[in-house]
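Q: Sharing model14.cif here; it has mmCIF, C-alpha atoms and all ligand atoms.
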data_run
#
loop_
_atom_site.label_atom_id
_atom_site.label_comp_id
_atom_site.auth_asym_id
_atom_site.auth_seq_id
_atom_site.Cartn_x
_atom_site.Cartn_y
_atom_site.Cartn_z
CA MET A 1176 -20.11 24.35 70.42
CA PRO A 1177 -16.78 25.85 69.33
CA ASN A 1178 -14.73 28.12 71.53
CA ASP A 1179 -16.09 31.60 71.86
CA LEU A 1180 -13.25 33.79 73.02
CA SER A 1181 -14.95 36.78 71.44
CA ALA A 1182 -17.24 36.78 74.48
CA LYS A 1183 -17.41 40.32 75.74
CA LYS A 1184 -16.09 39.49 79.18
CA LEU A 1185 -12.73 38.67 77.62
CA PHE A 1186 -12.40 42.04 75.99
CA PHE A 1187 -11.41 44.24 78.89
CA GLY A 1188 -8.90 43.96 81.66
CA LYS A 1189 -5.61 45.31 82.77
CA VAL A 1190 -2.48 44.85 80.72
CA THR A 1191 -0.44 41.99 82.12
CA GLY A 1192 2.83 42.48 80.26
CA VAL A 1193 5.93 40.53 81.17
CA GLU A 1194 6.82 40.49 84.84
CA LYS A 1195 10.37 41.38 85.76
CA LYS A 1196 12.43 38.46 87.01
CA ASP A 1197 15.05 38.74 89.73
CA ASP A 1198 18.67 37.55 89.59
CA ALA A 1199 17.86 34.35 91.46
CA PHE A 1200 15.33 33.39 88.77
CA TRP A 1201 17.83 33.88 85.94
CA LYS A 1202 20.61 32.06 87.79
CA LYS A 1203 18.33 29.08 88.37
CA LEU A 1204 17.18 29.05 84.75
CA TYR A 1205 20.78 29.32 83.53
CA LYS A 1206 21.88 26.34 85.60
CA GLN A 1207 18.85 24.33 84.54
CA SER A 1208 19.52 25.17 80.87
CA GLU A 1209 23.19 24.22 81.14
CA GLU A 1210 22.22 20.84 82.57
CA ARG A 1211 19.55 20.29 79.93
CA ILE A 1212 21.89 21.18 77.05
CA SER A 1213 24.66 19.00 78.49
CA SER A 1214 22.31 16.06 78.71
CA LEU A 1215 21.08 16.61 75.12
CA GLU A 1216 24.69 16.87 73.95
CA LYS A 1217 25.30 13.37 75.25
CA GLU A 1218 22.39 11.98 73.23
CA VAL A 1219 22.91 10.68 69.74
CA PRO A 1220 21.44 13.17 67.27
CA PHE A 1221 18.63 11.88 65.05
CA TYR A 1222 20.52 13.38 62.14
CA GLN A 1223 24.28 13.53 61.93
CA GLU A 1224 24.63 16.97 60.38
CA GLU A 1225 26.09 19.54 62.73
CA PRO A 1226 23.74 22.54 62.45
CA VAL A 1227 26.40 25.24 62.47
CA LYS A 1228 28.46 23.32 59.90
CA VAL A 1229 25.38 23.14 57.69
CA LEU A 1230 25.05 26.91 57.94
CA GLU A 1231 28.70 27.43 57.12
CA GLU A 1232 28.40 25.20 54.10
CA ASP A 1233 25.57 27.46 52.96
CA GLY A 1234 27.77 30.54 53.13
CA TYR A 1235 26.85 31.77 56.60
CA THR A 1236 29.81 32.90 58.64
CA ARG A 1237 30.33 32.38 62.35
CA ARG A 1238 29.75 36.13 62.72
CA ASP A 1239 26.36 35.91 60.95
CA PHE A 1240 25.40 33.11 63.28
CA MET A 1241 26.43 35.03 66.42
CA LYS A 1242 24.44 38.06 65.22
CA TRP A 1243 21.39 35.84 64.85
CA VAL A 1244 21.99 34.36 68.31
CA SER A 1245 22.19 37.82 69.80
CA ALA A 1246 18.95 38.99 68.13
CA THR A 1247 17.14 35.79 69.08
CA THR A 1248 18.25 35.97 72.72
CA ALA A 1249 16.85 39.49 72.91
CA MET A 1250 13.61 38.47 71.18
CA LEU A 1251 13.12 35.68 73.71
CA MET A 1252 13.54 38.27 76.47
CA LEU A 1253 16.53 36.45 77.93
CA PRO A 1254 19.41 38.39 79.47
CA GLY A 1255 22.51 38.77 77.26
CA PHE A 1256 24.51 36.24 79.25
CA PHE A 1257 22.24 33.49 77.86
CA GLU A 1258 23.70 34.01 74.36
CA PRO A 1259 26.29 31.19 74.68
CA LEU A 1260 23.52 28.85 75.80
CA VAL A 1261 21.31 29.84 72.86
CA ALA A 1262 24.25 29.14 70.52
CA ARG A 1263 24.79 25.73 72.12
CA THR A 1264 21.07 24.96 71.88
CA ILE A 1265 21.11 25.35 68.12
CA GLN A 1266 23.62 22.50 68.04
CA VAL A 1267 21.21 20.19 69.88
CA LEU A 1268 17.99 21.10 68.07
CA ASN A 1269 18.48 17.89 66.09
CA ARG A 1270 17.68 15.97 69.30
CA VAL A 1271 14.16 17.42 69.69
CA PRO A 1272 11.52 15.60 67.63
CA VAL A 1273 8.70 17.63 66.09
CA ILE A 1274 5.57 16.27 64.41
CA TRP A 1275 3.60 18.84 62.41
CA ILE A 1276 0.03 18.20 61.25
CA ASN A 1277 -2.15 20.23 58.92
CA LEU A 1278 -5.88 20.29 59.58
CA GLN A 1279 -8.50 22.82 58.35
CA ASP A 1280 -6.01 25.35 57.01
CA CYS A 1281 -4.48 27.11 54.02
CA ALA A 1282 -0.91 26.02 54.93
CA GLY A 1283 0.04 29.68 55.34
CA ASN A 1284 2.00 28.97 58.52
CA SER A 1285 4.05 26.26 56.83
CA GLU A 1286 4.59 28.70 54.00
CA ALA A 1287 5.78 31.31 56.50
CA LEU A 1288 8.12 28.76 58.08
CA LEU A 1289 9.63 28.00 54.70
CA ARG A 1290 10.48 31.66 54.43
CA ALA A 1291 11.82 31.77 57.99
CA ASP A 1292 14.65 34.14 58.74
CA GLY A 1293 17.51 33.05 60.98
CA PRO A 1294 20.08 30.35 60.39
CA THR A 1295 18.43 29.86 56.95
CA VAL A 1296 15.27 28.38 55.68
CA ASP A 1297 15.76 24.78 54.65
CA GLU A 1298 18.45 24.13 57.24
CA LEU A 1299 16.22 25.17 60.09
CA ILE A 1300 13.41 22.97 58.97
CA LEU A 1301 15.09 19.97 57.52
CA ASP A 1302 18.48 19.81 59.16
CA ILE A 1303 18.40 21.59 62.49
CA ILE A 1304 14.89 20.89 63.69
CA THR A 1305 14.08 17.23 63.72
CA LEU A 1306 10.89 17.51 61.75
CA GLU A 1307 9.81 13.91 61.90
CA PHE A 1308 6.57 14.39 60.03
CA HIS A 1309 5.19 17.26 57.97
CA GLU A 1310 2.92 16.04 55.23
CA LEU A 1311 3.27 19.23 53.24
CA LEU A 1312 7.06 19.09 53.11
CA MET A 1313 7.78 15.38 53.00
CA THR A 1314 7.95 13.36 49.82
CA ALA A 1315 5.94 10.37 51.08
CA SER A 1316 2.19 10.40 50.56
CA GLY A 1317 -0.80 8.15 51.14
CA GLU A 1318 -0.06 4.93 53.02
CA HIS A 1319 3.66 5.67 53.15
CA ALA A 1320 3.02 8.98 54.87
CA GLU A 1321 0.62 7.35 57.32
CA ARG A 1322 3.21 4.73 58.18
CA GLN A 1323 5.84 7.41 58.67
CA LEU A 1324 3.56 9.18 61.11
CA GLU A 1325 2.87 6.02 63.07
CA ASP A 1326 6.62 5.24 63.17
CA ALA A 1327 7.44 8.73 64.44
CA MET A 1328 4.75 8.49 67.10
CA THR A 1329 6.04 5.13 68.30
CA THR A 1330 9.72 6.07 68.24
CA PHE A 1331 9.24 9.38 70.04
CA LYS A 1332 6.27 8.49 72.23
CA GLY A 1333 5.89 11.04 75.01
CA GLU A 1334 8.79 13.10 73.65
CA TYR A 1335 7.65 14.88 70.51
CA LEU A 1336 6.29 18.38 70.23
CA LEU A 1337 3.06 18.26 68.24
CA PHE A 1338 2.66 21.34 66.05
CA VAL A 1339 -0.89 21.80 64.79
CA GLU A 1340 -1.78 24.07 61.90
CA GLY A 1341 -5.44 24.72 61.09
CA SER A 1342 -8.71 24.66 62.97
CA ILE A 1343 -10.70 21.54 63.77
CA PRO A 1344 -14.23 21.09 62.43
CA THR A 1345 -16.50 19.69 65.12
CA ALA A 1346 -19.98 19.96 63.55
CA ALA A 1347 -21.75 16.79 62.37
CA ASN A 1348 -19.43 14.60 64.43
CA GLY A 1349 -16.38 16.10 62.76
CA ILE A 1350 -17.26 14.81 59.31
CA TYR A 1351 -16.08 18.04 57.60
CA GLY A 1352 -12.48 16.99 58.11
CA THR A 1353 -11.16 13.44 57.79
CA ILE A 1354 -7.74 11.94 57.11
CA GLY A 1355 -6.66 8.97 55.03
CA THR A 1356 -8.55 5.89 54.02
CA SER A 1357 -9.63 5.18 57.59
CA GLY A 1358 -11.69 8.35 57.56
CA GLU A 1359 -10.40 9.35 60.99
CA THR A 1360 -11.84 12.76 61.82
CA TYR A 1361 -9.55 15.70 62.55
CA VAL A 1362 -10.95 15.71 66.09
CA ASP A 1363 -9.90 12.09 66.70
CA HIS A 1364 -6.63 12.55 64.82
CA LEU A 1365 -5.68 15.54 66.97
CA LYS A 1366 -6.65 13.84 70.22
CA ARG A 1367 -4.76 10.65 69.32
CA LEU A 1368 -1.56 12.49 68.41
CA ALA A 1369 -1.83 14.85 71.37
CA ALA A 1370 -2.16 11.93 73.79
CA ASP A 1371 1.42 10.78 73.07
CA ALA A 1372 2.97 14.24 72.71
CA LYS A 1373 5.12 16.07 75.24
CA ALA A 1374 3.20 19.24 74.49
CA VAL A 1375 0.98 20.65 71.75
CA VAL A 1376 1.81 23.88 69.93
CA ALA A 1377 -1.10 25.44 68.04
CA VAL A 1378 0.27 27.53 65.19
CA GLY A 1379 -1.72 30.29 63.51
CA THR A 1380 -5.04 31.85 64.45
CA CYS A 1381 -7.08 28.93 63.04
CA ALA A 1382 -5.38 26.35 65.28
CA THR A 1383 -5.42 28.66 68.30
CA PHE A 1384 -8.82 30.34 68.27
CA GLY A 1385 -10.66 28.92 65.23
CA GLY A 1386 -9.66 31.79 62.93
CA VAL A 1387 -11.24 32.35 59.54
CA PRO A 1388 -12.97 28.92 59.36
CA ALA A 1389 -14.74 29.77 62.64
CA ALA A 1390 -16.10 33.07 61.30
CA ALA A 1391 -19.90 33.37 61.40
CA PRO A 1392 -21.89 31.37 60.57
CA ASN A 1393 -19.12 28.78 61.11
CA PRO A 1394 -20.87 25.94 59.26
CA THR A 1395 -18.20 23.36 60.13
CA GLY A 1396 -18.14 24.17 63.85
CA ALA A 1397 -14.47 25.07 63.53
CA THR A 1398 -12.59 25.49 66.79
CA GLY A 1399 -9.08 25.75 68.16
CA VAL A 1400 -6.80 23.10 69.69
CA MET A 1401 -7.19 24.18 73.31
CA SER A 1402 -10.92 23.57 73.32
CA LEU A 1403 -10.32 19.90 72.43
CA VAL A 1404 -6.99 18.95 73.98
CA GLN A 1405 -7.14 18.55 77.72
CA ASN A 1406 -4.57 17.38 80.28
CA LYS A 1407 -1.68 18.23 78.00
CA PRO A 1408 0.31 21.47 77.90
CA VAL A 1409 -0.84 23.68 75.02
CA VAL A 1410 1.01 26.70 73.65
CA ASN A 1411 -0.81 29.10 71.32
CA ILE A 1412 1.08 31.02 68.63
CA PRO A 1413 -1.67 32.95 66.85
CA ALA A 1414 -1.47 35.30 63.82
CA CYS A 1415 -2.25 34.83 60.19
CA PRO A 1416 0.35 33.56 59.55
CA ALA A 1417 2.15 32.97 62.83
CA ASN A 1418 5.57 34.54 62.80
CA PRO A 1419 8.26 31.87 62.17
CA ALA A 1420 10.48 33.62 64.71
CA ASN A 1421 7.88 32.86 67.38
CA MET A 1422 7.51 29.22 66.30
CA LEU A 1423 11.27 28.72 66.42
CA GLY A 1424 11.44 30.61 69.69
CA VAL A 1425 9.14 28.09 71.37
CA ILE A 1426 11.17 25.13 70.08
CA LEU A 1427 14.43 26.77 71.06
CA LEU A 1428 13.28 27.57 74.59
CA TYR A 1429 11.98 24.05 75.00
CA ALA A 1430 15.25 22.55 73.75
CA MET A 1431 17.28 24.84 75.99
CA THR A 1432 15.31 24.68 79.24
CA GLY A 1433 13.27 21.49 78.84
CA GLU A 1434 10.20 23.61 79.54
CA LEU A 1435 7.65 25.68 77.72
CA PRO A 1436 7.87 29.47 77.70
CA GLU A 1437 5.97 31.61 80.14
CA LEU A 1438 2.41 31.92 78.86
CA ASP A 1439 -0.27 34.56 79.18
CA GLY A 1440 -3.92 33.93 79.97
CA LEU A 1441 -4.59 32.83 76.39
CA LEU A 1442 -1.67 30.36 76.46
CA ARG A 1443 0.43 32.64 74.26
CA PRO A 1444 4.19 32.97 74.94
CA LYS A 1445 4.72 36.24 76.73
CA PHE A 1446 7.98 36.87 74.89
CA ALA A 1447 5.90 37.31 71.73
CA PHE A 1448 2.47 38.44 72.95
CA GLY A 1449 3.28 40.41 76.09
CA GLN A 1450 3.02 43.81 74.44
CA ARG A 1451 0.39 45.69 72.45
CA ILE A 1452 1.29 46.42 68.85
CA HIS A 1453 0.27 50.03 69.49
CA ASP A 1454 2.97 50.40 72.18
CA ALA A 1455 5.81 49.41 69.86
CA CYS A 1456 4.47 50.92 66.66
CA GLU A 1457 6.72 53.23 64.65
CA ARG A 1458 3.68 55.47 63.94
CA ARG A 1459 2.82 55.86 67.63
CA VAL A 1460 4.32 59.33 67.82
CA HIS A 1461 1.73 60.45 65.27
CA PHE A 1462 -1.11 58.86 67.25
CA ASP A 1463 0.02 60.77 70.33
CA ALA A 1464 0.25 63.98 68.31
CA GLY A 1465 -3.23 63.48 66.81
CA GLU A 1466 -1.85 63.12 63.29
CA TYR A 1467 -4.01 60.63 61.41
CA VAL A 1468 -4.44 59.33 57.90
CA GLU A 1469 -8.02 60.31 56.96
CA GLU A 1470 -8.15 58.83 53.48
CA TRP A 1471 -6.05 56.28 51.62
CA GLY A 1472 -3.29 58.05 49.76
CA ASP A 1473 -3.72 61.47 51.41
CA ALA A 1474 -0.77 63.62 52.46
CA ALA A 1475 -0.81 62.11 55.97
CA ALA A 1476 -0.60 58.60 54.49
CA GLN A 1477 2.36 59.67 52.43
CA ALA A 1478 3.97 61.15 55.54
CA GLY A 1479 3.52 57.87 57.46
CA HIS A 1480 0.99 59.16 60.01
CA CYS A 1481 -1.14 57.00 62.30
CA LEU A 1482 -3.66 54.59 60.72
CA TYR A 1483 -6.08 54.47 63.66
CA LYS A 1484 -8.84 56.32 61.82
CA MET A 1485 -8.41 53.93 58.89
CA GLY A 1486 -9.28 51.07 61.22
CA CYS A 1487 -5.90 49.99 62.59
CA LYS A 1488 -6.48 47.45 65.40
CA GLY A 1489 -2.97 47.86 66.83
CA PRO A 1490 -4.35 49.27 70.10
CA MET A 1491 -6.36 46.05 70.62
CA THR A 1492 -3.79 43.53 69.41
CA PHE A 1493 -0.95 41.83 71.28
CA ASN A 1494 1.91 40.64 69.11
CA ASN A 1495 5.57 41.38 68.40
CA CYS A 1496 5.05 42.24 64.71
CA PRO A 1497 6.54 45.78 65.03
CA THR A 1498 9.83 44.46 66.41
CA VAL A 1499 10.26 41.03 64.80
CA LYS A 1500 8.49 41.85 61.51
CA TYR A 1501 8.02 39.46 58.58
CA ASN A 1502 9.92 38.54 55.41
CA ARG A 1503 13.40 38.51 56.87
CA GLY A 1504 12.56 41.41 59.14
CA THR A 1505 11.90 43.80 56.30
CA SER A 1506 8.29 44.86 56.96
CA TRP A 1507 4.99 44.34 58.74
CA PRO A 1508 1.37 45.41 58.02
CA VAL A 1509 1.51 48.90 59.56
CA ALA A 1510 4.83 49.65 57.88
CA ALA A 1511 3.29 48.52 54.59
CA GLY A 1512 0.62 51.19 55.07
CA HIS A 1513 -2.62 49.33 55.79
CA GLY A 1514 -2.75 49.01 59.53
CA CYS A 1515 -3.18 45.96 61.71
CA ILE A 1516 -6.40 43.95 61.30
CA GLY A 1517 -5.92 42.10 64.60
CA CYS A 1518 -5.22 38.77 62.93
CA SER A 1519 -3.72 37.25 66.09
CA GLU A 1520 -6.54 38.16 68.45
CA PRO A 1521 -9.11 35.67 69.75
CA GLY A 1522 -12.37 36.13 67.86
CA PHE A 1523 -10.64 37.17 64.63
CA PHE A 1524 -12.26 37.30 61.92
CA ASP A 1525 -15.59 38.49 63.38
CA LYS A 1526 -14.32 40.35 66.40
CA PHE A 1527 -13.75 43.74 64.84
CA ASP A 1528 -16.81 45.10 63.06
CA ARG A 1529 -14.99 46.40 60.05
CA PHE A 1530 -11.31 46.40 59.22
CA GLU A 1531 -11.40 49.96 57.91
CA ALA A 1532 -13.54 51.52 60.65
CA PRO A 1533 -11.94 52.84 63.86
CA THR A 1534 -12.61 50.66 66.91
CA PRO A 1535 -13.25 52.44 70.25
CA TYR A 1536 -9.93 53.11 71.95
CA ASN A 1537 -9.37 51.41 75.29
CA PRO A 1538 -5.80 51.73 76.57
CA SER A 1539 -6.29 49.04 79.23
CA TYR A 1540 -7.59 46.41 76.80
CA ASN A 1541 -6.14 42.93 77.20
CA PRO A 1542 -8.23 39.77 76.70
CA ALA A 1543 -5.51 37.59 78.22
CA SER A 1544 -5.73 39.05 81.71
CA ASP A 1545 -9.36 37.98 82.03
CA PHE A 1546 -8.42 34.49 80.97
CA GLN A 1547 -5.36 34.01 83.12
CA ILE A 1548 -4.15 30.44 83.15
CA ALA A 1549 -0.41 30.01 83.17
CA ALA A 1550 2.24 32.07 84.87
CA GLY A 1551 5.81 31.10 85.48
CA LEU A 1552 8.11 29.10 83.32
CA GLY A 1553 7.72 25.37 83.11
CA LEU A 1554 5.90 22.45 81.63
CA ALA A 1555 4.74 21.45 85.07
CA THR A 1556 3.37 24.90 85.70
CA ALA A 1557 1.63 25.03 82.36
CA ALA A 1558 0.32 21.50 82.75
CA SER A 1559 -1.07 21.97 86.22
CA ALA A 1560 -2.41 25.38 85.36
CA LEU A 1561 -4.14 23.86 82.37
CA ALA A 1562 -5.56 21.03 84.44
CA ASN A 1563 -6.82 23.50 87.03
CA SER A 1564 -8.31 25.72 84.41
CA THR A 1565 -10.04 23.03 82.40
CA PRO A 1566 -13.55 23.84 83.67
CA THR A 1567 -12.97 27.50 82.90
CA GLN A 1568 -11.81 26.67 79.40
CA GLU A 1569 -14.83 24.52 78.84
CA GLU A 1570 -17.17 27.16 80.21
CA ASP A 1571 -15.58 29.84 78.09
CA HIS A 1572 -15.57 27.67 75.00
CA GLY A 1573 -19.09 26.53 75.56
CA ASN A 1574 -18.08 22.90 75.24
FE1 LIG A 1601 0.41 52.31 65.00
FE2 LIG A 1601 -2.06 51.55 64.54
FE3 LIG A 1601 -1.39 52.47 66.94
FE4 LIG A 1601 -1.54 54.13 64.89
S1 LIG A 1601 -3.25 52.98 65.81
S2 LIG A 1601 0.09 54.04 66.40
S3 LIG A 1601 -0.81 52.85 63.19
S4 LIG A 1601 -0.65 50.60 65.97
FE1 LIG A 1602 -1.60 40.42 62.13
FE2 LIG A 1602 -1.70 42.88 62.99
FE3 LIG A 1602 0.57 41.58 63.09
S1 LIG A 1602 -2.72 42.08 61.19
S2 LIG A 1602 0.47 40.18 61.34
S3 LIG A 1602 -1.28 41.07 64.23
S4 LIG A 1602 0.29 43.71 62.58
#
Here is a file; write its structure as structure tokens.
Ligand code: SF4
Ligand code: F3S

A:
Amino acid sequence: MPNDLSAKKLFFGKVTGVEKKDDAFWKKLYKQSEERISSLEKEVPFYQEEPVKVLEEDGYTRRDFMKWVSATTAMLMLPGFFEPLVARTIQVLNRVPVIWINLQDCAGNSEALLRADGPTVDELILDIITLEFHELLMTASGEHAERQLEDAMTTFKGEYLLFVEGSIPTAANGIYGTIGTSGETYVDHLKRLAADAKAVVAVGTCATFGGVPAAAPNPTGATGVMSLVQNKPVVNIPACPANPANMLGVILLYAMTGELPELDGLLRPKFAFGQRIHDACERRVHFDAGEYVEEWGDAAAQAGHCLYKMGCKGPMTFNNCPTVKYNRGTSWPVAAGHGCIGCSEPGFFDKFDRFEAPTPYNPSYNPASDFQIAAGLGLATAASALANSTPTQEEDHGN
């Protein structure tokens, strides 16, 4: 049975947020990051291009780059004095191998990555990040692509980050999703690739919680990565699509510290999912003042009032959309005037009865706090927490 994070017991709990760290924590992390970056700097890059040079060749100035570094450091909830380390990390991103696989998906997350803001689109993907395999972006296909994947797995065994896009069909022994001439099911494919990975990053709501393919009646038995991958650190970056800034943030933190970011109870990075959309929303002042849009296009809509009565799920959704935004930071759903539909929440698509009907307001709502797994920064922490929580995951997923 697929994961069922829409179970009612996960719906209510106290807001966890991001715990404040003391000076000793930051000093330790700084030293650890310096050592990690220094050791990566000594390694031979998989590609010879110097990332910052590539950016400069594309018309980006040193000032543009430092502005991006500054914004990214803040987004990752690191103190300002980490900025030089973030800048140095960009230079060593070409030492971190990434394998990206597409399963039961629409490729919307890859599409979002192609439009990623930051040091530029193509550079980030093809030059800075060592994307060893991405069947959607690479030119090889068929047997050649399969060989490329096997080569990447062998060369970077135990070192690569496995990014997974799309849910995994489990019904009928996984027959709804197979790969290549061998007919390997998505379930087996995922497990095989995860076994040799350093960590697995589930990207998008389908890969994290099952998403749209898992909506009732879920004929393919679609489920998320964490219900199938055990004994391996898993990071969830939900949303439809996942924000490229959050994907890059996970890679950057891993490259810089050698560890995964601090996760919440649903294995989501706290830097991205530690706050309710409602608490950072630009329309919040209107919610507090009781000023609501009552009908599409009414005077309140034109004045930018709160969309709660039009079904906005911002009070029940944890994500950094209001601050990071999409499309080069220009907009996000609430700014565009529709309201949040909770696309990054477990149980999406079925969870909220109707997108345009108000959902009962519960200011202490947080599904993650009832599903607490990982706290503290570190692969080891995440790994042991995952190992310890395996029975809970299985119980909660009904597997
Ligand atoms: Fe913003 Fe939606 Fe909350 Fe209103 S209900 S303040 S539109 S997040
Ligand atoms: Fe999704 Fe809501 Fe953000 S619909 S993209 S979580 S504003």

Q: At a cut-off of 8 Å around ligand LIG 1602 (chain A), and using all atoms listed in the file, what residues come up? Please write them as a VMD selection string.

A: chain A and resid 1414 to 1418 1452 1488 to 1489 1492 to 1497 1507 to 1509 1514 to 1520

Q: Would you name the residues within 9 Å of ligand LIG 1601 (chain A), counting all atoms listed in the file, and put them as number ranges by chain?

A: A: 1451-1463, 1467, 1479-1492, 1497, 1509-1510, 1512-1515, 1533

Q: What is the distance, in Å and to one decimal place, between CA of Lys1242 in chain A and CA of Glu1437 in chain A?

A: 24.6 Å

Q: Please provide the set of residues having any atom within 9 Å of Val1261 in chain A, restricted to all atoms listed in the file, with same-chain residues fewer than 6 positions apart removed, written as a list in words.

A: Val1244, Ser1245, Thr1247, Thr1248, Leu1427, Leu1428 and Met1431 of chain A

Q: Counting all atoms listed in the file, which residue out of A:Ala1430, A:Arg1529, A:Tyr1205, A:Asn1269 sits closest to Gly1255 in chain A?

A: A:Tyr1205

Q: What gap, in Å, lies between CA of Met1401 in chain A and CA of Pro1388 in chain A?

A: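 Distance between the two atoms: 15.8 Å.
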
Q: CA of Thr1360 in chain A and CA of Ala1320 in chain A, how far apart in Å?

A: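 Between these atoms lies a distance of 16.8 Å.
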
Q: Could you pull the residues within 7 Å of Glu1216 in chain A, counting only C-alpha atoms, minus those fewer than 3 positions along the same chain, as a list in words?

A: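 Selected residues are Ile1212, Ser1213 and Val1267 of chain A.
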
Q: Could you give me, as a VMD selection string, the residues within 12 Å of Met1313 in chain A, counting all atoms listed in the file and dropping anything in the same chain fewer than 3 positions from it?

A: chain A and resid 1274 to 1276 1300 to 1301 1306 to 1310 1316 to 1317 1319 to 1321 1323 to 1324

Q: Store the residues picked out above in a file with C-alpha atoms, as a PDB file, keeping the file's coordinate frame.

A:
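Result saved to out-v2.pdb:
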ATOM      1  CA  ILE A1274       5.570  16.270  64.410  1.00  0.00           C
ATOM      2  CA  TRP A1275       3.600  18.840  62.410  1.00  0.00           C
ATOM      3  CA  ILE A1276       0.030  18.200  61.250  1.00  0.00           C
ATOM      4  CA  ILE A1300      13.410  22.970  58.970  1.00  0.00           C
ATOM      5  CA  LEU A1301      15.090  19.970  57.520  1.00  0.00           C
ATOM      6  CA  LEU A1306      10.890  17.510  61.750  1.00  0.00           C
ATOM      7  CA  GLU A1307       9.810  13.910  61.900  1.00  0.00           C
ATOM      8  CA  PHE A1308       6.570  14.390  60.030  1.00  0.00           C
ATOM      9  CA  HIS A1309       5.190  17.260  57.970  1.00  0.00           C
ATOM     10  CA  GLU A1310       2.920  16.040  55.230  1.00  0.00           C
ATOM     11  CA  SER A1316       2.190  10.400  50.560  1.00  0.00           C
ATOM     12  CA  GLY A1317      -0.800   8.150  51.140  1.00  0.00           C
ATOM     13  CA  HIS A1319       3.660   5.670  53.150  1.00  0.00           C
ATOM     14  CA  ALA A1320       3.020   8.980  54.870  1.00  0.00           C
ATOM     15  CA  GLU A1321       0.620   7.350  57.320  1.00  0.00           C
ATOM     16  CA  GLN A1323       5.840   7.410  58.670  1.00  0.00           C
ATOM     17  CA  LEU A1324       3.560   9.180  61.110  1.00  0.00           C
TER      18      LEU A1324
END

Q: Using all atoms listed in the file, find the one residue out of A:Ala1464, A:Met1422, A:Gln1450, A:Asp1198 that sits nearest to Asn1541 in chain A.

A: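 So, comparing all the options, the nearest one is A:Gln1450.
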
Q: I want to know what sits within 8 Å of range 1340-1342 of chain A, based on only C-alpha atoms, with residues of the same chain fewer than 5 positions away left out; could you give that as number ranges by chain?

A: A: 1275-1282, 1284, 1377-1386, 1388-1389, 1397-1400

Q: So that I can see what lies close to Thr1353 in chain A, please list as a PyMOL selection string the residues with an atom at most 10 Å from it, counting all atoms listed in the file and leaving out residues fewer than 3 positions away in the same chain.

A: chain A and resi 1278-1279+1344+1349-1350+1356-1364

Q: Quick one: of A:Leu1441, A:Ala1315, A:Tyr1335, A:Gly1504, who's nearest to Ser1402 in chain A, counting all atoms listed in the file?

A: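 Ranking A:Leu1441, A:Ala1315, A:Tyr1335, A:Gly1504 by distance to Ser1402 in chain A, first place goes to A:Leu1441.
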
Q: Have range 1385-1396 of chain A completed to N, CA and C atoms, please, and pass it along as a CSV table (one decimal), in the frame of the given file.

A:
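The resulting file, part-v6.csv, is reproduced below:
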chain,number,residue,atom,x,y,z
A,1385,GLY,N,-9.6,29.3,66.2
A,1385,GLY,CA,-10.7,28.9,65.2
A,1385,GLY,C,-10.4,29.7,64.0
A,1386,GLY,N,-10.0,31.0,64.1
A,1386,GLY,CA,-9.7,31.8,62.9
A,1386,GLY,C,-10.7,32.0,61.9
A,1387,VAL,N,-10.3,32.1,60.6
A,1387,VAL,CA,-11.2,32.4,59.5
A,1387,VAL,C,-12.3,31.2,59.4
A,1388,PRO,N,-11.9,29.9,59.5
A,1388,PRO,CA,-13.0,28.9,59.4
A,1388,PRO,C,-14.1,29.0,60.4
A,1389,ALA,N,-13.7,29.6,61.6
A,1389,ALA,CA,-14.7,29.8,62.6
A,1389,ALA,C,-15.6,31.0,62.5
A,1390,ALA,N,-15.3,31.8,61.5
A,1390,ALA,CA,-16.1,33.1,61.3
A,1390,ALA,C,-17.6,32.7,61.1
A,1391,ALA,N,-18.5,33.6,61.5
A,1391,ALA,CA,-19.9,33.4,61.4
A,1391,ALA,C,-20.3,33.1,59.9
A,1392,PRO,N,-21.1,32.2,59.6
A,1392,PRO,CA,-21.9,31.4,60.6
A,1392,PRO,C,-21.2,30.1,61.0
A,1393,ASN,N,-19.9,29.9,60.7
A,1393,ASN,CA,-19.1,28.8,61.1
A,1393,ASN,C,-19.8,27.4,60.8
A,1394,PRO,N,-20.1,27.2,59.6
A,1394,PRO,CA,-20.9,25.9,59.3
A,1394,PRO,C,-20.2,24.6,59.7
A,1395,THR,N,-18.9,24.6,59.8
A,1395,THR,CA,-18.2,23.4,60.1
A,1395,THR,C,-18.0,23.2,61.6
A,1396,GLY,N,-18.4,24.2,62.4
A,1396,GLY,CA,-18.1,24.2,63.8
A,1396,GLY,C,-16.7,24.2,64.1
